[in-house]
$ cat my_file.cif   # mmCIF, C-alpha atoms
data_query
#
loop_
_atom_site.label_atom_id
_atom_site.label_comp_id
_atom_site.auth_asym_id
_atom_site.auth_seq_id
_atom_site.Cartn_x
_atom_site.Cartn_y
_atom_site.Cartn_z
CA MET Y 1 -22.31 -29.04 4.74
CA LEU Y 2 -20.58 -31.93 2.96
CA LEU Y 3 -20.43 -29.93 -0.28
CA ARG Y 4 -18.81 -27.01 1.53
CA LEU Y 5 -16.21 -29.32 3.09
CA ALA Y 6 -15.39 -30.81 -0.33
CA TYR Y 7 -15.08 -27.32 -1.83
CA LEU Y 8 -12.73 -26.15 0.93
CA ALA Y 9 -10.61 -29.29 0.61
CA ALA Y 10 -10.33 -28.87 -3.16
CA THR Y 11 -9.42 -25.17 -2.99
CA ASN Y 12 -6.81 -25.78 -0.28
CA ALA Y 13 -5.31 -28.65 -2.29
CA LEU Y 14 -5.08 -26.47 -5.41
CA ALA Y 15 -3.54 -23.63 -3.39
CA PHE Y 16 -0.94 -26.05 -2.02
CA LEU Y 17 -0.15 -27.38 -5.49
CA ARG Y 18 0.36 -23.83 -6.70
CA LEU Y 19 2.99 -23.25 -4.01
CA LEU Y 20 5.08 -26.33 -4.87
CA PRO Y 21 6.97 -24.95 -7.91
CA MET Y 22 7.65 -21.58 -6.18
CA SER Y 23 11.07 -20.82 -4.79
CA ASP Y 24 11.53 -19.61 -1.24
CA ARG Y 25 12.21 -16.09 -2.49
CA GLU Y 26 8.93 -15.99 -4.42
CA LYS Y 27 7.06 -17.26 -1.37
CA ASP Y 28 8.67 -14.58 0.80
CA VAL Y 29 7.68 -11.88 -1.68
CA GLU Y 30 4.10 -13.13 -1.74
CA ILE Y 31 3.97 -13.15 2.06
CA LEU Y 32 5.25 -9.57 2.18
CA VAL Y 33 2.67 -8.44 -0.37
CA LEU Y 34 -0.15 -10.13 1.54
CA ARG Y 35 1.00 -8.57 4.82
CA HIS Y 36 1.01 -5.15 3.19
CA GLN Y 37 -2.50 -5.72 1.84
CA LEU Y 38 -3.70 -6.64 5.33
CA LEU Y 39 -2.12 -3.53 6.83
CA VAL Y 40 -3.78 -1.33 4.22
CA LEU Y 41 -7.18 -2.93 4.79
CA GLN Y 42 -6.90 -2.70 8.59
CA ALA Y 43 -5.65 0.89 8.64
CA ALA Y 44 -7.96 3.38 10.27
CA PRO Y 45 -8.68 6.63 8.44
CA CYS Y 46 -6.59 9.61 9.59
CA ARG Y 47 -9.66 11.57 10.61
CA PRO Y 48 -13.38 10.94 10.40
CA LEU Y 49 -15.19 12.03 7.28
CA PRO Y 50 -17.28 15.19 7.63
CA THR Y 51 -21.03 14.89 7.51
CA PRO Y 52 -22.39 15.66 4.05
CA ILE Y 53 -24.14 18.98 3.50
CA THR Y 54 -27.71 18.34 2.49
CA GLN Y 55 -29.38 21.71 3.02
CA GLN Y 56 -28.96 24.75 0.82
CA ALA Y 57 -28.68 27.09 3.83
CA GLN Y 58 -25.69 25.18 5.17
CA LEU Y 59 -23.97 25.44 1.82
CA ALA Y 60 -24.59 29.19 1.57
CA HIS Y 61 -23.24 29.67 5.11
CA LEU Y 62 -19.82 28.27 4.27
CA ALA Y 63 -17.03 30.77 3.73
CA VAL Y 64 -15.16 29.42 0.73
CA HIS Y 65 -11.98 31.24 -0.25
CA ARG Y 66 -10.72 30.37 -3.72
CA ARG Y 67 -7.25 31.08 -4.89
CA ASP Y 68 -6.67 31.77 -8.53
CA ARG Y 69 -4.34 29.55 -10.50
CA LEU Y 70 -0.68 29.95 -9.62
CA GLY Y 71 -1.55 31.79 -6.42
CA GLY Y 72 -2.88 34.87 -8.16
CA THR Y 73 0.39 35.69 -9.91
CA LEU Y 74 -1.38 35.95 -13.25
CA HIS Y 75 -3.34 39.01 -12.08
CA GLU Y 76 -0.28 40.90 -10.85
CA HIS Y 77 1.05 41.46 -14.36
CA GLN Y 78 -0.83 43.43 -16.95
CA HIS Y 79 -0.66 42.27 -20.50
CA ALA Y 80 0.62 44.74 -23.07
CA ALA Y 81 -1.80 45.19 -25.92
#
$ encode --input "my_file.cif" --output "structure tokens"
Amino acid sequence: MLLRLAYLAATNALAFLRLLPMSDREKDVEILVLRHQLLVLQAAPCRPLPTPITQQAQLAHLAVHRRDRLGGTLHEHQHAA
């Protein structure tokens, strides 16, 4: 417990010493960056992730429609040989 208290005191003192030479503008930028990081970490996902497919029958049941590259425009033109 005493070691933890000494560690926290030392890290807070070093963090404070790091802030002394910074200008107000640099401190404001750091605060904005930290706020943005918090917002990103606290953001909820837009929608829940789907459950993974683990069985072969489920995979075969899916109707997957693939589009060719460039929306199929390559197959509309025939190449002259």
$ atom_distance --input "my_file.cif" --atom1 "atom CA of Pro48 of chain Y" --atom2 "atom CA of Leu34 of chain Y"
26.4 Å
$ atom_distance --input "my_file.cif" --atom1 "atom CA of Leu14 of chain Y" --atom2 "atom CA of Glu26 of chain Y"
17.5 Å
$ atom_distance --input "my_file.cif" --atom1 "atom CA of Thr11 of chain Y" --atom2 "atom CA of Glu30 of chain Y"
18.1 Å
$ build_atoms --input "my_file.cif" --residues "segment 7-18 of chain Y" --atoms "all heavy atoms" --output "compact mmCIF listing (two decimals), in the frame of the given file"
# COMPACT_ATOMS: atom_id res chain seq x y z
N TYR Y 7 -15.56 -28.53 -1.15
CA TYR Y 7 -15.08 -27.32 -1.83
C TYR Y 7 -13.84 -26.77 -1.14
O TYR Y 7 -12.85 -26.43 -1.78
CB TYR Y 7 -16.19 -26.27 -1.88
CG TYR Y 7 -15.74 -24.93 -2.39
CD1 TYR Y 7 -15.51 -24.74 -3.75
CD2 TYR Y 7 -15.51 -23.88 -1.52
CE1 TYR Y 7 -15.08 -23.52 -4.22
CE2 TYR Y 7 -15.07 -22.66 -1.98
CZ TYR Y 7 -14.86 -22.48 -3.33
OH TYR Y 7 -14.42 -21.26 -3.80
N LEU Y 8 -13.88 -26.67 0.19
CA LEU Y 8 -12.73 -26.15 0.93
C LEU Y 8 -11.51 -27.06 0.77
O LEU Y 8 -10.38 -26.58 0.63
CB LEU Y 8 -13.08 -25.99 2.41
CG LEU Y 8 -14.03 -24.85 2.75
CD1 LEU Y 8 -14.40 -24.87 4.23
CD2 LEU Y 8 -13.40 -23.51 2.39
N ALA Y 9 -11.72 -28.36 0.78
CA ALA Y 9 -10.61 -29.29 0.61
C ALA Y 9 -10.00 -29.14 -0.78
O ALA Y 9 -8.77 -29.13 -0.94
CB ALA Y 9 -11.08 -30.72 0.84
N ALA Y 10 -10.82 -29.00 -1.80
CA ALA Y 10 -10.33 -28.87 -3.16
C ALA Y 10 -9.57 -27.55 -3.35
O ALA Y 10 -8.50 -27.52 -3.96
CB ALA Y 10 -11.48 -28.97 -4.15
N THR Y 11 -10.10 -26.46 -2.83
CA THR Y 11 -9.42 -25.17 -2.99
C THR Y 11 -8.11 -25.14 -2.23
O THR Y 11 -7.12 -24.59 -2.72
CB THR Y 11 -10.31 -24.00 -2.54
OG1 THR Y 11 -10.75 -24.23 -1.20
CG2 THR Y 11 -11.51 -23.84 -3.45
N ASN Y 12 -8.07 -25.73 -1.04
CA ASN Y 12 -6.81 -25.78 -0.28
C ASN Y 12 -5.79 -26.66 -0.98
O ASN Y 12 -4.59 -26.36 -0.98
CB ASN Y 12 -7.06 -26.26 1.15
CG ASN Y 12 -7.70 -25.19 2.00
OD1 ASN Y 12 -7.56 -24.00 1.72
ND2 ASN Y 12 -8.40 -25.60 3.04
N ALA Y 13 -6.23 -27.77 -1.57
CA ALA Y 13 -5.31 -28.65 -2.29
C ALA Y 13 -4.73 -27.94 -3.51
O ALA Y 13 -3.54 -28.03 -3.80
CB ALA Y 13 -6.02 -29.93 -2.70
N LEU Y 14 -5.57 -27.21 -4.24
CA LEU Y 14 -5.08 -26.47 -5.41
C LEU Y 14 -4.13 -25.34 -4.99
O LEU Y 14 -3.14 -25.07 -5.68
CB LEU Y 14 -6.25 -25.92 -6.21
CG LEU Y 14 -7.08 -26.97 -6.96
CD1 LEU Y 14 -8.29 -26.32 -7.61
CD2 LEU Y 14 -6.23 -27.69 -7.98
N ALA Y 15 -4.43 -24.68 -3.88
CA ALA Y 15 -3.54 -23.63 -3.39
C ALA Y 15 -2.18 -24.22 -3.00
O ALA Y 15 -1.13 -23.62 -3.26
CB ALA Y 15 -4.17 -22.92 -2.21
N PHE Y 16 -2.20 -25.39 -2.39
CA PHE Y 16 -0.94 -26.05 -2.02
C PHE Y 16 -0.15 -26.46 -3.25
O PHE Y 16 1.07 -26.29 -3.31
CB PHE Y 16 -1.23 -27.26 -1.14
CG PHE Y 16 0.01 -28.01 -0.75
CD1 PHE Y 16 0.88 -27.48 0.20
CD2 PHE Y 16 0.33 -29.23 -1.32
CE1 PHE Y 16 2.02 -28.15 0.56
CE2 PHE Y 16 1.47 -29.91 -0.97
CZ PHE Y 16 2.33 -29.36 -0.02
N LEU Y 17 -0.83 -26.98 -4.26
CA LEU Y 17 -0.15 -27.38 -5.49
C LEU Y 17 0.46 -26.19 -6.22
O LEU Y 17 1.48 -26.30 -6.88
CB LEU Y 17 -1.12 -28.12 -6.42
CG LEU Y 17 -1.54 -29.52 -5.95
CD1 LEU Y 17 -2.58 -30.09 -6.90
CD2 LEU Y 17 -0.32 -30.44 -5.88
N ARG Y 18 -0.17 -25.04 -6.08
CA ARG Y 18 0.36 -23.83 -6.70
C ARG Y 18 1.66 -23.39 -6.04
O ARG Y 18 2.54 -22.80 -6.67
CB ARG Y 18 -0.67 -22.71 -6.62
CG ARG Y 18 -0.29 -21.46 -7.37
CD ARG Y 18 -1.36 -20.40 -7.27
NE ARG Y 18 -1.51 -19.88 -5.93
CZ ARG Y 18 -0.81 -18.86 -5.43
NH1 ARG Y 18 0.10 -18.28 -6.16
NH2 ARG Y 18 -1.01 -18.44 -4.21
